[in-house]
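Okay, structure first, notes after.
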Amino acid sequence: MRVEYINPFVEAAFNILTEVLKTEVKRGELYLKSSSMPVLGITAIVGLAGDVEGRVLFDMAEKTALEVASAMNGEKIDKNDELAKATITELANMITAQAVTKLHEIGFQFDLTPPAIFSGSNMEVTDVAIEALIVPIQTTFGKIEINVAIREKK
Amino acid sequence: MKTKMDFPNINQRKPEGLREDGKAFRVLIVDDSMFVTKQIGQILTSEGFEIAATASNGEEGLEKYKELYPKVDLVTMDITMPIMDGVAALEKIIEFDKNANIIMISALGKQDLVKKSLLLGAKNYIVKPLDRKKVLERVMMTLK
C-alpha cells in the first residue's frame, strides 16, 4: 500500500484530535500489521470505494473512547451509550472528511460509507486481500490507532 | 469626602440569544448526530437562545419548521442526513418561507454543496469541527 494514502488520515487525525480534545497529541511510528490483529475495544470503521477501495479503522480502548467522548461533550460519560457512540462516530466523520478532501485534491476520487461503530472484547480484524498500515496516535486519554487498508482498484 | 458615582456595570452584557425585548431567539436544530445536536444546543442555550425543536433528518426538519412557523428565528441544518438531506430540506423550507434564516453545518470537503445551499437561500454556513466562537459568530451574523 502506498504511504500517500495513509498520510492524509494521520495528518487529519492529528489536526482534529488536537482541536477537539485541546490536549497534546503525538504521532507514533507507522507499522505494517500482520494478517490478523486484535482490536482495542471500540472501533469506528469507514469504507472507501472508487479509484481506491478499502477501509479505515479508528481503534481505541473503551476507557480511551469514554474519555475522548467526555472531553468532546464537556461532561463525564462513563458508559458506552448512544451519546458516546454518536460522539466517536462524529470524530471519525470529521477526521475522514478532512483526509478525503486532501486525497481528492491530489486526484483520487472515491465515495465513503457512513461510519459504523463496533465494540466488544477479544475481537480481531483480518484483511486477507489488502495489507494494512497502522499509525498509533498518543493522546492524554490513551492511544488511538489509525488503521488504513486501501488499494487502487484494478 | 466620598462621592457616590454610578458606573455602568461593564461585566454584565446581554446574552447573544436574547432580542432587544428580552425574549429568546428560537432555534430549530436539524442534524442526524446526537453529538452535534447536543453540542449546538449547549452552545446556544448558554447564550440564552431557546431550542424550539430538534430533528434528525431533513424531512422531520421541514415538518418541525412548518409546525413552529412563525415562531422560529433560525435553523441549523446538517448537510448529510438520511431520508432527506440538508440541501433538499433547505430548498423546501425556503419554498415555504423565503425569509427563513438557515445556517448549513458542513463537514470539510462539501464546498460544492455549501455553495449550492448559499445559492438556494441559506444565509450562512459553518464547517465542522464546531466550537463556541465559530457557532456564535455565524449565528449572530445571520440574525443581524
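Lettering and numbering for the C-alpha cells are positional, with chains as A, B, ... in the shown order, residues counted from 1 in each chain, and ligands counted from 1 in the shown order.
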Counting only C-alpha atoms, what is within 7 Å of Glu47 in chain B, bar same-chain residues fewer than 4 positions away, as a PDB file with C-alpha atoms, in the first residue's frame?
ATOM      1  CA  PRO B  15     -26.676  37.310  26.242  1.00  0.00           C
ATOM      2  CA  GLU B  16     -26.459  36.983  22.456  1.00  0.00           C
ATOM      3  CA  GLY B  17     -29.537  34.785  22.379  1.00  0.00           C
ATOM      4  CA  ILE B  43     -23.549  26.469  22.925  1.00  0.00           C
TER       5      ILE B  43
END
Using only C-alpha atoms, select each residue of chain A with any atom at most 6 Å away from an atom of chain B, and give the selection as a short mmCIF file (atom, residue, chain, number, x, y, z; two decimals) with C-alpha atoms, in the first residue's frame.
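Writing done, so here's part21.cif:
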data_model
loop_
_atom_site.label_atom_id
_atom_site.label_comp_id
_atom_site.auth_asym_id
_atom_site.auth_seq_id
_atom_site.Cartn_x
_atom_site.Cartn_y
_atom_site.Cartn_z
CA ALA A 86 -22.56 9.29 18.40
CA THR A 87 -19.51 11.21 19.60
CA ALA A 97 -13.77 14.32 5.83
CA GLN A 98 -10.51 16.21 6.25
CA THR A 101 -10.59 16.33 0.99
#
>> DSSP on the backbone: which residues in chain B end up as strand (DSSP E or B)? Give the answer as a ChimeraX atom specification.
In response: /B:18,24,26-30,50-55,74-78,102-106,124-127
Take the residues from that selection and write them out as a CSV table (one decimal), in the first residue's frame, keeping N, CA and C atoms.
chain,number,residue,atom,x,y,z
B,18,LEU,N,-30.7,36.7,23.3
B,18,LEU,CA,-31.9,37.5,23.6
B,18,LEU,C,-32.1,38.6,22.7
B,24,ALA,N,-36.2,35.2,24.0
B,24,ALA,CA,-35.1,34.4,23.4
B,24,ALA,C,-35.4,34.2,21.9
B,26,ARG,N,-35.5,31.8,18.9
B,26,ARG,CA,-35.9,30.3,18.9
B,26,ARG,C,-35.3,29.6,17.7
B,27,VAL,N,-34.6,28.5,18.1
B,27,VAL,CA,-33.8,27.8,17.1
B,27,VAL,C,-34.3,26.4,16.8
B,28,LEU,N,-34.3,25.9,15.6
B,28,LEU,CA,-34.5,24.5,15.2
B,28,LEU,C,-33.2,23.9,14.8
B,29,ILE,N,-32.8,22.8,15.4
B,29,ILE,CA,-31.6,22.1,15.1
B,29,ILE,C,-31.9,20.9,14.3
B,30,VAL,N,-31.4,20.8,13.0
B,30,VAL,CA,-31.7,19.6,12.2
B,30,VAL,C,-30.3,18.9,12.0
B,50,GLU,N,-33.3,29.8,22.8
B,50,GLU,CA,-34.2,28.7,23.1
B,50,GLU,C,-34.2,27.7,22.0
B,51,ILE,N,-34.0,26.4,22.3
B,51,ILE,CA,-34.0,25.4,21.3
B,51,ILE,C,-35.5,25.0,21.2
B,52,ALA,N,-36.1,25.5,20.1
B,52,ALA,CA,-37.6,25.3,20.0
B,52,ALA,C,-37.9,23.8,19.6
B,53,ALA,N,-37.0,23.2,18.8
B,53,ALA,CA,-37.2,21.8,18.5
B,53,ALA,C,-35.9,21.2,17.9
B,54,THR,N,-35.8,19.9,17.8
B,54,THR,CA,-34.7,19.3,17.1
B,54,THR,C,-35.3,18.2,16.1
B,55,ALA,N,-34.5,18.0,15.0
B,55,ALA,CA,-35.0,16.9,14.1
B,55,ALA,C,-33.8,16.2,13.6
B,74,LEU,N,-34.3,30.7,13.6
B,74,LEU,CA,-33.1,30.3,13.0
B,74,LEU,C,-33.1,28.7,12.9
B,75,VAL,N,-32.5,28.2,11.8
B,75,VAL,CA,-32.4,26.8,11.7
B,75,VAL,C,-30.9,26.5,11.5
B,76,THR,N,-30.4,25.5,12.2
B,76,THR,CA,-29.1,24.9,11.8
B,76,THR,C,-29.3,23.6,11.1
B,77,MET,N,-28.8,23.5,9.9
B,77,MET,CA,-29.1,22.4,9.0
B,77,MET,C,-27.9,21.6,8.6
B,78,ASP,N,-27.8,20.3,9.1
B,78,ASP,CA,-26.7,19.4,8.7
B,78,ASP,C,-26.9,19.2,7.2
B,102,ILE,N,-31.4,30.2,7.6
B,102,ILE,CA,-30.9,28.8,7.7
B,102,ILE,C,-29.3,28.8,7.6
B,103,ILE,N,-28.7,28.2,8.6
B,103,ILE,CA,-27.2,28.0,8.6
B,103,ILE,C,-26.9,26.6,8.3
B,104,MET,N,-26.1,26.3,7.3
B,104,MET,CA,-25.7,25.0,6.9
B,104,MET,C,-24.5,24.5,7.8
B,105,ILE,N,-24.6,23.3,8.3
B,105,ILE,CA,-23.5,22.7,9.1
B,105,ILE,C,-22.8,21.7,8.2
B,106,SER,N,-21.6,21.9,7.8
B,106,SER,CA,-20.9,21.1,6.8
B,106,SER,C,-19.7,20.4,7.3
B,124,ASN,N,-25.9,31.3,5.7
B,124,ASN,CA,-24.5,31.2,6.2
B,124,ASN,C,-24.2,29.7,6.3
B,125,TYR,N,-22.9,29.4,6.7
B,125,TYR,CA,-22.5,28.0,6.9
B,125,TYR,C,-21.4,27.9,7.9
B,126,ILE,N,-21.3,26.8,8.5
B,126,ILE,CA,-20.2,26.5,9.5
B,126,ILE,C,-19.6,25.2,9.1
B,127,VAL,N,-18.3,25.1,9.1
B,127,VAL,CA,-17.6,23.9,8.8
B,127,VAL,C,-17.1,23.2,10.1
Out of range 8-150 of chain A, which residues get alpha helix (DSSP H) from DSSP, as a compact mmCIF listing (two decimals) with C-alpha atoms, in the first residue's frame?
# COMPACT_ATOMS: atom_id res chain seq x y z
CA PRO A 8 -3.77 12.41 4.93
CA PHE A 9 -5.54 10.28 7.57
CA VAL A 10 -2.70 10.71 10.03
CA GLU A 11 -2.50 14.46 9.46
CA ALA A 12 -6.28 14.81 9.73
CA ALA A 13 -6.38 12.72 12.91
CA PHE A 14 -3.62 14.84 14.40
CA ASN A 15 -5.36 18.13 13.47
CA ILE A 16 -8.86 17.14 14.53
CA LEU A 17 -7.80 15.44 17.79
CA THR A 18 -5.68 18.44 18.76
CA GLU A 19 -8.60 20.76 18.03
CA VAL A 20 -11.42 18.86 19.73
CA LEU A 21 -9.51 17.43 22.70
CA GLU A 62 -13.17 1.58 25.72
CA LYS A 63 -11.64 3.65 28.52
CA THR A 64 -9.97 5.93 25.94
CA ALA A 65 -13.19 6.22 23.91
CA LEU A 66 -15.17 7.23 27.01
CA GLU A 67 -12.56 9.81 28.00
CA VAL A 68 -12.46 11.20 24.45
CA ALA A 69 -16.28 11.36 24.38
CA SER A 70 -16.29 13.05 27.80
CA ALA A 71 -13.78 15.67 26.64
CA MET A 72 -15.72 16.34 23.44
CA ASN A 73 -19.03 16.68 25.30
CA GLU A 82 -25.84 6.28 22.45
CA LEU A 83 -24.15 9.63 23.09
CA ALA A 84 -20.70 8.03 23.43
CA LYS A 85 -21.21 6.17 20.15
CA ALA A 86 -22.56 9.29 18.40
CA THR A 87 -19.51 11.21 19.60
CA ILE A 88 -16.97 8.67 18.35
CA THR A 89 -18.90 8.45 15.06
CA GLU A 90 -18.67 12.21 14.68
CA LEU A 91 -14.96 12.13 15.47
CA ALA A 92 -14.45 9.54 12.71
CA ASN A 93 -16.59 11.67 10.37
CA MET A 94 -14.53 14.78 10.95
CA ILE A 95 -11.16 13.03 10.54
CA THR A 96 -12.30 11.18 7.42
CA ALA A 97 -13.77 14.32 5.83
CA GLN A 98 -10.51 16.21 6.25
CA ALA A 99 -8.40 13.30 4.95
CA VAL A 100 -10.63 12.66 1.98
CA THR A 101 -10.59 16.33 0.99
CA LYS A 102 -6.80 16.05 0.81
CA LEU A 103 -6.95 12.81 -1.22
CA HIS A 104 -9.48 14.34 -3.62
CA GLU A 105 -7.17 17.33 -4.07
> Mind pulling up the distance from CA of Val25 in chain A to CA of Phe110 in chain A?
Replying inline: 28.8 Å
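Straight-line separation from CA of Lys22 in chain A to CA of Tyr5 in chain A: 26.3 Å.
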Applying 10 Å and only C-alpha atoms, which residues near range 132-140 of chain A remain after dropping the ones on its own chain fewer than 3 positions away? List them as a JSON list (two decimals) with C-alpha atoms, in the first residue's frame.
[["chain", "number", "residue", "atom", "x", "y", "z"],
["A", 1, "MET", "CA", 0.00, 0.00, 0.00],
["A", 2, "ARG", "CA", 1.28, 3.44, -0.87],
["A", 3, "VAL", "CA", 2.12, 5.63, 2.10],
["A", 5, "TYR", "CA", -2.90, 7.07, 1.22],
["A", 6, "ILE", "CA", -2.25, 6.97, 4.93],
["A", 7, "ASN", "CA", -0.59, 10.35, 5.45],
["A", 9, "PHE", "CA", -5.54, 10.28, 7.57],
["A", 10, "VAL", "CA", -2.70, 10.71, 10.03],
["A", 13, "ALA", "CA", -6.38, 12.72, 12.91],
["A", 14, "PHE", "CA", -3.62, 14.84, 14.40],
["A", 17, "LEU", "CA", -7.80, 15.44, 17.79],
["A", 18, "THR", "CA", -5.68, 18.44, 18.76],
["A", 21, "LEU", "CA", -9.51, 17.43, 22.70],
["A", 23, "THR", "CA", -4.62, 18.47, 24.60],
["A", 24, "GLU", "CA", -1.23, 17.31, 23.42],
["A", 25, "VAL", "CA", -1.35, 14.69, 20.68],
["A", 26, "LYS", "CA", 1.70, 12.74, 19.49],
["A", 27, "ARG", "CA", 2.14, 10.64, 16.40],
["A", 28, "GLY", "CA", 3.81, 7.25, 16.90],
["A", 29, "GLU", "CA", 5.78, 5.16, 14.43],
["A", 30, "LEU", "CA", 3.92, 3.70, 11.48],
["A", 31, "TYR", "CA", 3.92, -0.08, 11.22],
["A", 32, "LEU", "CA", 2.64, -2.76, 8.90],
["A", 33, "LYS", "CA", 0.28, -5.19, 10.53],
["A", 34, "SER", "CA", 0.28, -8.94, 10.35],
["A", 35, "SER", "CA", -2.74, -10.56, 8.68],
["A", 36, "SER", "CA", -4.80, -10.63, 11.88],
["A", 54, "GLY", "CA", -10.61, -0.36, 1.30],
["A", 55, "ARG", "CA", -11.40, 0.74, 4.83],
["A", 56, "VAL", "CA", -10.12, 2.88, 7.66],
["A", 57, "LEU", "CA", -10.44, 1.92, 11.32],
["A", 58, "PHE", "CA", -10.22, 4.31, 14.24],
["A", 59, "ASP", "CA", -9.49, 1.94, 17.06],
["A", 60, "MET", "CA", -9.19, 2.62, 20.78],
["A", 64, "THR", "CA", -9.97, 5.93, 25.94],
["A", 67, "GLU", "CA", -12.56, 9.81, 28.00],
["A", 68, "VAL", "CA", -12.46, 11.20, 24.45],
["A", 126, "THR", "CA", -8.26, -9.74, 9.42],
["A", 127, "ASP", "CA", -7.51, -8.31, 5.99],
["A", 128, "VAL", "CA", -6.84, -11.07, 3.55],
["A", 129, "ALA", "CA", -6.56, -9.10, 0.36],
["A", 143, "LYS", "CA", -3.78, 5.50, 22.34],
["A", 144, "ILE", "CA", -5.91, 5.79, 19.20],
["A", 145, "GLU", "CA", -4.80, 3.66, 16.26],
["A", 146, "ILE", "CA", -5.49, 4.79, 12.73],
["A", 147, "ASN", "CA", -5.56, 1.57, 10.74],
["A", 148, "VAL", "CA", -5.72, 2.07, 6.98],
["A", 149, "ALA", "CA", -6.08, -0.66, 4.35],
["A", 150, "ILE", "CA", -6.54, 0.86, 0.90],
["A", 151, "ARG", "CA", -5.57, -0.27, -2.57]]
> Could you state the separation of CA of Leu90 in chain B and CA of Ser46 in chain B in Å, given to one decimal place?
Replying inline: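 Pair CA of Leu90 in chain B / CA of Ser46 in chain B returns 26.2 Å.
Minimum atom-to-atom distance to Leu62 in chain B, evaluated using only C-alpha atoms, belongs to B:Ile94 out of B:Ile94, B:Lys144, B:Leu118, B:Pro82.
Restricting the calculation to only C-alpha atoms, the smallest distance between Ile93 in chain B and any of B:Asp112, B:Asp73, B:Asp6, B:Glu63 is found for B:Glu63.
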